[in-house]
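Trainee: Input input39.pdb, format and content: PDB, C-alpha atoms, pLDDT in the B column.
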```
ATOM      1  CA  MET M1001      34.545 -45.884 -15.150  1.00 75.00           C
ATOM      2  CA  ALA M1002      35.312 -42.519 -13.604  1.00 89.00           C
ATOM      3  CA  ASN M1003      37.044 -39.648 -15.371  1.00 93.00           C
ATOM      4  CA  ILE M1004      40.353 -38.802 -13.674  1.00 97.00           C
ATOM      5  CA  PHE M1005      42.153 -35.481 -14.182  1.00 97.00           C
ATOM      6  CA  LEU M1006      45.930 -35.781 -13.757  1.00 97.00           C
ATOM      7  CA  VAL M1007      48.135 -32.805 -12.873  1.00 97.00           C
ATOM      8  CA  GLU M1008      51.771 -33.952 -13.106  1.00 96.00           C
ATOM      9  CA  ASP M1009      54.718 -32.192 -14.766  1.00 94.00           C
ATOM     10  CA  ASP M1010      57.089 -35.184 -14.814  1.00 94.00           C
ATOM     11  CA  THR M1011      56.456 -36.573 -18.305  1.00 94.00           C
ATOM     12  CA  SER M1012      57.578 -40.144 -17.628  1.00 94.00           C
ATOM     13  CA  LEU M1013      55.629 -40.363 -14.368  1.00 94.00           C
ATOM     14  CA  ARG M1014      52.554 -38.816 -16.006  1.00 95.00           C
ATOM     15  CA  HIS M1015      52.598 -41.442 -18.762  1.00 96.00           C
ATOM     16  CA  GLU M1016      53.138 -44.196 -16.199  1.00 95.00           C
ATOM     17  CA  VAL M1017      50.214 -43.103 -14.015  1.00 96.00           C
ATOM     18  CA  GLN M1018      47.983 -42.593 -17.050  1.00 96.00           C
ATOM     19  CA  GLU M1019      48.757 -46.101 -18.289  1.00 96.00           C
ATOM     20  CA  ILE M1020      48.090 -47.645 -14.857  1.00 95.00           C
ATOM     21  CA  LEU M1021      44.724 -45.896 -14.604  1.00 96.00           C
ATOM     22  CA  GLU M1022      43.641 -46.713 -18.145  1.00 95.00           C
ATOM     23  CA  ILE M1023      44.474 -50.392 -17.626  1.00 94.00           C
ATOM     24  CA  GLN M1024      42.075 -50.267 -14.674  1.00 93.00           C
ATOM     25  CA  GLY M1025      39.398 -48.816 -16.955  1.00 93.00           C
ATOM     26  CA  PHE M1026      39.546 -45.177 -15.863  1.00 95.00           C
ATOM     27  CA  ARG M1027      39.308 -42.343 -18.367  1.00 95.00           C
ATOM     28  CA  VAL M1028      42.286 -40.019 -17.929  1.00 97.00           C
ATOM     29  CA  THR M1029      42.639 -36.377 -18.919  1.00 96.00           C
ATOM     30  CA  CYS M1030      46.065 -34.778 -18.410  1.00 97.00           C
ATOM     31  CA  CYS M1031      46.609 -31.126 -17.569  1.00 96.00           C
ATOM     32  CA  GLN M1032      48.007 -29.162 -20.520  1.00 92.00           C
ATOM     33  CA  HIS M1033      48.709 -25.781 -18.895  1.00 95.00           C
ATOM     34  CA  PHE M1034      49.433 -25.842 -15.169  1.00 96.00           C
ATOM     35  CA  PRO M1035      48.476 -22.214 -14.315  1.00 94.00           C
ATOM     36  CA  SER M1036      44.956 -23.000 -15.611  1.00 94.00           C
ATOM     37  CA  ALA M1037      44.777 -26.515 -14.111  1.00 95.00           C
ATOM     38  CA  ALA M1038      41.674 -25.796 -12.016  1.00 93.00           C
ATOM     39  CA  GLU M1039      39.755 -24.504 -15.025  1.00 92.00           C
ATOM     40  CA  GLU M1040      40.852 -27.497 -17.135  1.00 94.00           C
ATOM     41  CA  ALA M1041      39.799 -29.928 -14.397  1.00 93.00           C
ATOM     42  CA  LEU M1042      36.340 -28.369 -14.125  1.00 89.00           C
ATOM     43  CA  ALA M1043      35.936 -28.300 -17.913  1.00 89.00           C
ATOM     44  CA  SER M1044      36.844 -31.992 -18.105  1.00 90.00           C
ATOM     45  CA  GLU M1045      34.043 -32.808 -15.621  1.00 87.00           C
ATOM     46  CA  ALA M1046      36.570 -34.833 -13.641  1.00 91.00           C
ATOM     47  CA  GLU M1047      35.291 -37.119 -10.914  1.00 92.00           C
ATOM     48  CA  CYS M1048      38.673 -37.182  -9.172  1.00 95.00           C
ATOM     49  CA  VAL M1049      41.786 -34.988  -9.456  1.00 97.00           C
ATOM     50  CA  LEU M1050      45.314 -36.332  -8.927  1.00 97.00           C
ATOM     51  CA  LEU M1051      47.496 -33.366  -8.042  1.00 96.00           C
ATOM     52  CA  ASP M1052      51.260 -32.895  -7.788  1.00 95.00           C
ATOM     53  CA  LEU M1053      52.463 -30.069  -5.536  1.00 93.00           C
ATOM     54  CA  LYS M1054      55.584 -28.728  -7.254  1.00 92.00           C
ATOM     55  CA  LEU M1055      54.547 -27.434 -10.661  1.00 94.00           C
ATOM     56  CA  PRO M1056      55.885 -24.859 -13.139  1.00 93.00           C
ATOM     57  CA  GLY M1057      54.118 -21.524 -12.948  1.00 93.00           C
ATOM     58  CA  THR M1058      51.935 -22.435  -9.982  1.00 94.00           C
ATOM     59  CA  SER M1059      51.656 -24.805  -7.035  1.00 93.00           C
ATOM     60  CA  GLY M1060      49.459 -27.726  -6.124  1.00 93.00           C
ATOM     61  CA  GLN M1061      48.238 -25.826  -3.075  1.00 94.00           C
ATOM     62  CA  ALA M1062      47.030 -22.943  -5.259  1.00 93.00           C
ATOM     63  CA  ILE M1063      45.236 -25.363  -7.590  1.00 95.00           C
ATOM     64  CA  CYS M1064      43.668 -27.179  -4.649  1.00 93.00           C
ATOM     65  CA  ARG M1065      42.427 -23.884  -3.193  1.00 91.00           C
ATOM     66  CA  SER M1066      40.995 -22.779  -6.532  1.00 89.00           C
ATOM     67  CA  LEU M1067      39.235 -26.091  -7.131  1.00 90.00           C
ATOM     68  CA  ARG M1068      37.766 -26.286  -3.668  1.00 85.00           C
ATOM     69  CA  ALA M1069      36.361 -22.770  -3.960  1.00 79.00           C
ATOM     70  CA  ARG M1070      34.271 -23.902  -6.933  1.00 78.00           C
ATOM     71  CA  SER M1071      33.793 -27.643  -6.667  1.00 82.00           C
ATOM     72  CA  ASN M1072      33.609 -30.621  -4.305  1.00 82.00           C
ATOM     73  CA  VAL M1073      35.478 -32.897  -6.729  1.00 89.00           C
ATOM     74  CA  PRO M1074      37.725 -35.319  -4.773  1.00 93.00           C
ATOM     75  CA  ILE M1075      41.397 -34.296  -4.784  1.00 95.00           C
ATOM     76  CA  ILE M1076      44.264 -36.690  -4.072  1.00 95.00           C
ATOM     77  CA  VAL M1077      47.696 -35.113  -3.703  1.00 95.00           C
ATOM     78  CA  LEU M1078      50.588 -37.113  -5.179  1.00 93.00           C
ATOM     79  CA  THR M1079      53.928 -35.662  -4.141  1.00 90.00           C
ATOM     80  CA  SER M1080      57.539 -36.378  -3.305  1.00 88.00           C
ATOM     81  CA  SER M1081      57.234 -34.057  -0.297  1.00 85.00           C
ATOM     82  CA  GLU M1082      57.175 -35.888   3.022  1.00 82.00           C
ATOM     83  CA  SER M1083      56.729 -32.626   4.911  1.00 84.00           C
ATOM     84  CA  GLU M1084      54.069 -32.837   7.592  1.00 88.00           C
ATOM     85  CA  PHE M1085      53.417 -29.135   7.031  1.00 89.00           C
ATOM     86  CA  ASP M1086      52.639 -29.727   3.334  1.00 88.00           C
ATOM     87  CA  GLU M1087      50.291 -32.570   4.190  1.00 90.00           C
ATOM     88  CA  VAL M1088      48.420 -30.593   6.849  1.00 90.00           C
ATOM     89  CA  THR M1089      48.196 -27.580   4.526  1.00 90.00           C
ATOM     90  CA  CYS M1090      46.733 -29.673   1.704  1.00 91.00           C
ATOM     91  CA  MET M1091      44.185 -31.344   3.968  1.00 90.00           C
ATOM     92  CA  ASN M1092      43.157 -27.972   5.388  1.00 89.00           C
ATOM     93  CA  LEU M1093      42.703 -26.687   1.827  1.00 88.00           C
ATOM     94  CA  GLY M1094      40.257 -29.522   1.176  1.00 88.00           C
ATOM     95  CA  ALA M1095      42.325 -32.369  -0.267  1.00 91.00           C
ATOM     96  CA  ASP M1096      40.763 -35.810   0.250  1.00 90.00           C
ATOM     97  CA  GLY M1097      43.992 -37.794   0.232  1.00 91.00           C
ATOM     98  CA  TYR M1098      47.781 -37.424   0.343  1.00 92.00           C
ATOM     99  CA  LEU M1099      50.213 -39.964  -1.133  1.00 92.00           C
ATOM    100  CA  THR M1100      53.986 -39.586  -1.105  1.00 91.00           C
ATOM    101  CA  LYS M1101      56.117 -40.838  -3.982  1.00 88.00           C
ATOM    102  CA  PRO M1102      57.038 -43.554  -4.625  1.00 87.00           C
ATOM    103  CA  TYR M1103      53.712 -45.303  -4.101  1.00 88.00           C
ATOM    104  CA  SER M1104      52.510 -48.618  -5.430  1.00 91.00           C
ATOM    105  CA  PRO M1105      49.872 -48.719  -8.200  1.00 92.00           C
ATOM    106  CA  ALA M1106      47.636 -50.808  -5.932  1.00 92.00           C
ATOM    107  CA  VAL M1107      47.698 -48.163  -3.197  1.00 92.00           C
ATOM    108  CA  LEU M1108      46.923 -45.400  -5.703  1.00 94.00           C
ATOM    109  CA  ILE M1109      43.972 -47.310  -7.144  1.00 94.00           C
ATOM    110  CA  ALA M1110      42.691 -48.075  -3.642  1.00 92.00           C
ATOM    111  CA  HIS M1111      42.764 -44.382  -2.714  1.00 91.00           C
ATOM    112  CA  ILE M1112      40.919 -43.383  -5.878  1.00 94.00           C
ATOM    113  CA  GLN M1113      38.263 -46.048  -5.391  1.00 91.00           C
ATOM    114  CA  SER M1114      37.851 -45.025  -1.757  1.00 89.00           C
ATOM    115  CA  VAL M1115      37.142 -41.353  -2.490  1.00 88.00           C
ATOM    116  CA  LEU M1116      34.848 -42.272  -5.379  1.00 88.00           C
ATOM    117  CA  ARG M1117      32.846 -44.575  -3.103  1.00 84.00           C
ATOM    118  CA  ARG M1118      32.467 -41.808  -0.548  1.00 80.00           C
ATOM    119  CA  VAL M1119      31.171 -39.429  -3.198  1.00 75.00           C
ATOM    120  CA  SER M1120      28.754 -41.964  -4.716  1.00 71.00           C
ATOM    121  CA  SER M1121      27.371 -42.962  -1.326  1.00 62.00           C
ATOM    122  CA  ALA M1122      26.809 -39.375  -0.208  1.00 57.00           C
ATOM    123  CA  PRO M1123      23.117 -38.450  -0.253  1.00 55.00           C
ATOM    124  CA  SER M1124      22.160 -36.246  -3.182  1.00 54.00           C
ATOM    125  CA  ARG M1125      20.460 -33.169  -1.791  1.00 72.00           C
ATOM    126  CA  THR M1126      18.746 -30.706  -4.071  1.00 81.00           C
ATOM    127  CA  LEU M1127      16.835 -27.517  -3.368  1.00 86.00           C
ATOM    128  CA  ALA M1128      14.402 -26.055  -5.896  1.00 88.00           C
ATOM    129  CA  HIS M1129      12.442 -22.794  -6.022  1.00 90.00           C
ATOM    130  CA  ASP M1130      10.933 -20.783  -8.893  1.00 91.00           C
ATOM    131  CA  GLY M1131      12.747 -22.691 -11.625  1.00 90.00           C
ATOM    132  CA  LEU M1132      16.126 -22.619  -9.892  1.00 93.00           C
ATOM    133  CA  SER M1133      17.681 -25.780  -8.455  1.00 90.00           C
ATOM    134  CA  VAL M1134      20.797 -26.231  -6.320  1.00 91.00           C
ATOM    135  CA  ASP M1135      22.726 -29.468  -5.930  1.00 86.00           C
ATOM    136  CA  LEU M1136      24.200 -29.196  -2.442  1.00 84.00           C
ATOM    137  CA  ALA M1137      26.506 -32.188  -2.882  1.00 77.00           C
ATOM    138  CA  ARG M1138      28.061 -30.878  -6.093  1.00 79.00           C
ATOM    139  CA  SER M1139      27.804 -27.161  -5.256  1.00 86.00           C
ATOM    140  CA  THR M1140      26.091 -26.344  -8.544  1.00 90.00           C
ATOM    141  CA  VAL M1141      23.109 -24.195  -9.502  1.00 92.00           C
ATOM    142  CA  THR M1142      20.902 -24.893 -12.518  1.00 92.00           C
ATOM    143  CA  PHE M1143      18.373 -22.726 -14.352  1.00 91.00           C
ATOM    144  CA  GLU M1144      16.691 -23.751 -17.618  1.00 88.00           C
ATOM    145  CA  ASP M1145      19.224 -26.518 -18.329  1.00 80.00           C
ATOM    146  CA  THR M1146      22.217 -24.212 -17.762  1.00 88.00           C
ATOM    147  CA  SER M1147      24.459 -24.847 -14.755  1.00 89.00           C
ATOM    148  CA  ALA M1148      27.286 -23.119 -12.927  1.00 91.00           C
ATOM    149  CA  GLU M1149      29.603 -23.927 -10.053  1.00 91.00           C
ATOM    150  CA  LEU M1150      29.032 -22.067  -6.794  1.00 90.00           C
ATOM    151  CA  THR M1151      31.717 -21.010  -4.350  1.00 89.00           C
ATOM    152  CA  LYS M1152      31.335 -22.125  -0.739  1.00 86.00           C
ATOM    153  CA  ASN M1153      29.893 -18.782   0.350  1.00 88.00           C
ATOM    154  CA  GLU M1154      27.566 -18.518  -2.654  1.00 91.00           C
ATOM    155  CA  LEU M1155      26.247 -22.001  -1.904  1.00 91.00           C
ATOM    156  CA  ARG M1156      25.638 -21.235   1.757  1.00 89.00           C
ATOM    157  CA  ILE M1157      23.807 -17.987   1.018  1.00 93.00           C
ATOM    158  CA  LEU M1158      21.592 -19.481  -1.673  1.00 94.00           C
ATOM    159  CA  ALA M1159      20.884 -22.667   0.288  1.00 91.00           C
ATOM    160  CA  LEU M1160      19.774 -20.723   3.364  1.00 91.00           C
ATOM    161  CA  LEU M1161      17.501 -18.468   1.312  1.00 94.00           C
ATOM    162  CA  MET M1162      16.016 -21.311  -0.761  1.00 92.00           C
ATOM    163  CA  SER M1163      15.417 -23.394   2.368  1.00 89.00           C
ATOM    164  CA  ASN M1164      13.171 -20.574   3.608  1.00 90.00           C
ATOM    165  CA  PRO M1165      11.315 -19.276   0.516  1.00 91.00           C
ATOM    166  CA  GLY M1166       9.263 -16.172   1.161  1.00 92.00           C
ATOM    167  CA  CYS M1167      10.975 -15.571   4.504  1.00 92.00           C
ATOM    168  CA  ILE M1168      13.330 -12.703   5.210  1.00 93.00           C
ATOM    169  CA  ILE M1169      16.735 -13.935   6.315  1.00 92.00           C
ATOM    170  CA  SER M1170      18.531 -11.281   8.321  1.00 90.00           C
ATOM    171  CA  ARG M1171      22.056 -10.186   7.559  1.00 87.00           C
ATOM    172  CA  GLN M1172      23.079 -11.458  11.006  1.00 86.00           C
ATOM    173  CA  GLU M1173      21.740 -14.940  10.200  1.00 86.00           C
ATOM    174  CA  LEU M1174      23.640 -14.999   6.908  1.00 88.00           C
ATOM    175  CA  MET M1175      26.856 -13.826   8.546  1.00 85.00           C
ATOM    176  CA  LEU M1176      26.546 -16.553  11.157  1.00 82.00           C
ATOM    177  CA  GLU M1177      25.974 -19.108   8.397  1.00 79.00           C
ATOM    178  CA  LEU M1178      29.037 -17.958   6.456  1.00 79.00           C
ATOM    179  CA  TRP M1179      31.531 -17.189   9.196  1.00 75.00           C
ATOM    180  CA  GLU M1180      29.955 -18.668  12.365  1.00 63.00           C
ATOM    181  CA  SER M1181      30.094 -15.179  13.811  1.00 52.00           C
ATOM    182  CA  ASP M1182      28.592 -11.762  13.170  1.00 49.00           C
ATOM    183  CA  SER M1183      31.421 -10.042  15.031  1.00 49.00           C
ATOM    184  CA  PHE M1184      34.593  -8.590  13.550  1.00 47.00           C
ATOM    185  CA  ILE M1185      33.247  -9.073  10.007  1.00 55.00           C
ATOM    186  CA  ASP M1186      33.028  -6.022   7.775  1.00 60.00           C
ATOM    187  CA  ASP M1187      29.335  -5.675   6.949  1.00 66.00           C
ATOM    188  CA  ASN M1188      30.288  -4.836   3.363  1.00 81.00           C
ATOM    189  CA  THR M1189      31.825  -8.316   2.981  1.00 85.00           C
ATOM    190  CA  LEU M1190      28.369  -9.901   3.073  1.00 87.00           C
ATOM    191  CA  THR M1191      27.102  -7.405   0.498  1.00 90.00           C
ATOM    192  CA  VAL M1192      29.998  -8.300  -1.806  1.00 91.00           C
ATOM    193  CA  ASN M1193      29.200 -12.017  -1.488  1.00 91.00           C
ATOM    194  CA  VAL M1194      25.495 -11.477  -2.185  1.00 93.00           C
ATOM    195  CA  ASN M1195      26.276  -9.309  -5.216  1.00 94.00           C
ATOM    196  CA  ARG M1196      28.620 -11.974  -6.607  1.00 93.00           C
ATOM    197  CA  LEU M1197      25.872 -14.549  -6.211  1.00 95.00           C
ATOM    198  CA  ARG M1198      23.386 -12.275  -8.001  1.00 95.00           C
ATOM    199  CA  THR M1199      25.822 -11.741 -10.866  1.00 95.00           C
ATOM    200  CA  LYS M1200      26.319 -15.486 -11.274  1.00 94.00           C
ATOM    201  CA  LEU M1201      22.561 -16.112 -11.270  1.00 96.00           C
ATOM    202  CA  GLU M1202      21.948 -13.354 -13.818  1.00 95.00           C
ATOM    203  CA  GLU M1203      24.586 -14.916 -16.088  1.00 94.00           C
ATOM    204  CA  LEU M1204      22.401 -18.052 -16.061  1.00 93.00           C
ATOM    205  CA  GLY M1205      19.375 -15.988 -17.084  1.00 94.00           C
ATOM    206  CA  VAL M1206      17.777 -15.869 -13.628  1.00 95.00           C
ATOM    207  CA  PRO M1207      15.633 -12.719 -13.128  1.00 94.00           C
ATOM    208  CA  SER M1208      17.616  -9.944 -11.448  1.00 91.00           C
ATOM    209  CA  ASP M1209      15.120  -9.720  -8.570  1.00 93.00           C
ATOM    210  CA  TYR M1210      15.351 -13.410  -7.646  1.00 95.00           C
ATOM    211  CA  VAL M1211      17.380 -12.532  -4.529  1.00 96.00           C
ATOM    212  CA  ARG M1212      15.494  -9.578  -3.085  1.00 95.00           C
ATOM    213  CA  THR M1213      16.885  -7.033  -0.636  1.00 94.00           C
ATOM    214  CA  LYS M1214      14.613  -6.103   2.250  1.00 91.00           C
ATOM    215  CA  ARG M1215      16.087  -2.780   3.327  1.00 88.00           C
ATOM    216  CA  GLY M1216      17.042  -2.776   6.977  1.00 85.00           C
ATOM    217  CA  GLN M1217      15.981  -6.408   7.358  1.00 89.00           C
ATOM    218  CA  GLY M1218      17.885  -8.810   5.110  1.00 92.00           C
ATOM    219  CA  TYR M1219      17.266 -10.890   1.988  1.00 94.00           C
ATOM    220  CA  SER M1220      14.653 -13.280   0.619  1.00 95.00           C
ATOM    221  CA  VAL M1221      13.774 -15.371  -2.451  1.00 94.00           C
TER     222      VAL M1221
END
```
Mind turning this structure into structure tokens?

Mentor:
Amino acid sequence: MANIFLVEDDTSLRHEVQEILEIQGFRVTCCQHFPSAAEEALASEAECVLLDLKLPGTSGQAICRSLRARSNVPIIVLTSSESEFDEVTCMNLGADGYLTKPYSPAVLIAHIQSVLRRVSSAPSRTLAHDGLSVDLARSTVTFEDTSAELTKNELRILALLMSNPGCIISRQELMLELWESDSFIDDNTLTVNVNRLRTKLEELGVPSDYVRTKRGQGYSV
């Protein structure tokens, strides 16, 4: 069964939810340090994250934002807040579900199974070029058996370049891909994003000239 990562500061409720999930056959990992919840969730290779909103030292919204910047793992918010604003905020940050406490165990299980089905039924799309492969569904890049998570912008840049190997992709095309506009965007912002992508690839051992700059034209792989 799937590995669930649980972020809940109420000890009794955390134990209750963990027991419910384990009875259903799920593997459960509980957050140990809330300010580093996103990092713990990624390290646990969770297939679904259950996330409370009000947490010591951080907030569920901050964790949701951090996770979504690096991963497409399904996130279900479990909270006592019935605020429509909180729900809309969480969904806009990328949450896949929102349950208000108290909720029945059956409803919780149904939500988890629903998001897991959506993930498993999604087509697996992979791009490969010169030893580098990108999993578009999981937002990961792999080189020589070493993988790393990509942010949304890193994924979009690399996917566009790898979909057109040998072709020069203009800065305007990349800006349109990232922000759906090439207006009112500081040109340096694209450079920063490309440099971050290069740094991440180099940390995997990818040659430093994998993403090549074509002065006055754009980029290519």

Trainee: Between M:Ala1043, M:Cys1030, M:Val1221, M:Leu1190, which residue has the minimum interatomic distance to Ile1168 in chain M, considering all atoms listed in the file?

Mentor: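 The answer is M:Val1221, which sits nearest to Ile1168 in chain M.
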
Trainee: Which neighbours of Leu1201 in chain M fall inside 12 Å, counting all atoms listed in the file, when residues of the same chain fewer than 2 positions from it are skipped, and could you give them as a PyMOL selection string?

Mentor: chain M and resi 1131-1134+1140-1144+1146-1150+1154-1155+1158+1194-1199+1203-1211

Trainee: Give me the result of the PyMOL selection byres ((chain M and resi 1031) around 8) on this file, residue by residue, as a list in words.

Mentor: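 Evaluating the PyMOL selection byres ((chain M and resi 1031) around 8) on these coordinates yields Phe1005, Leu1006, Val1007, Glu1008, Thr1029, Cys1030, Gln1032, His1033, Phe1034, Ala1037, Glu1040 and Ala1041 of chain M.
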
Trainee: Near range 1050-1060 of chain M, within 10 Å and counting all atoms listed in the file, which residues show up once chain neighbours fewer than 4 positions away are dropped, as a PyMOL selection string?

Mentor: chain M and resi 1004-1010+1017+1030-1031+1033-1038+1064-1066+1074-1081+1086+1090+1095+1097-1100+1108+1112

Trainee: With all atoms listed in the file as the atoms that count, which of M:Ser1044, M:Thr1089, M:Thr1126, M:Gln1024 lies nearest to Ala1106 in chain M?

Mentor: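 Closest residue, counting all atoms listed in the file: M:Gln1024.
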
Trainee: Using all atoms listed in the file, pick whichever of M:Leu1161, M:Asn1072, M:Lys1200, M:Lys1152 has the shortest atom-to-atom distance to Leu1178 in chain M.

Mentor: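 Closest to Leu1178 in chain M of all the choices is M:Lys1152.
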
Trainee: Take CA of Arg1118 in chain M and CA of Glu1016 in chain M and report the distance between them in Å, one decimal.

Mentor: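 Taking CA of Arg1118 in chain M and CA of Glu1016 in chain M, their separation equals 26.0 Å.
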
Trainee: Rounded to one decimal in Å, what is the spacing between CA of Cys1048 in chain M and CA of Ala1002 in chain M?

Mentor: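 Separation of CA of Cys1048 in chain M and CA of Ala1002 in chain M: 7.7 Å.
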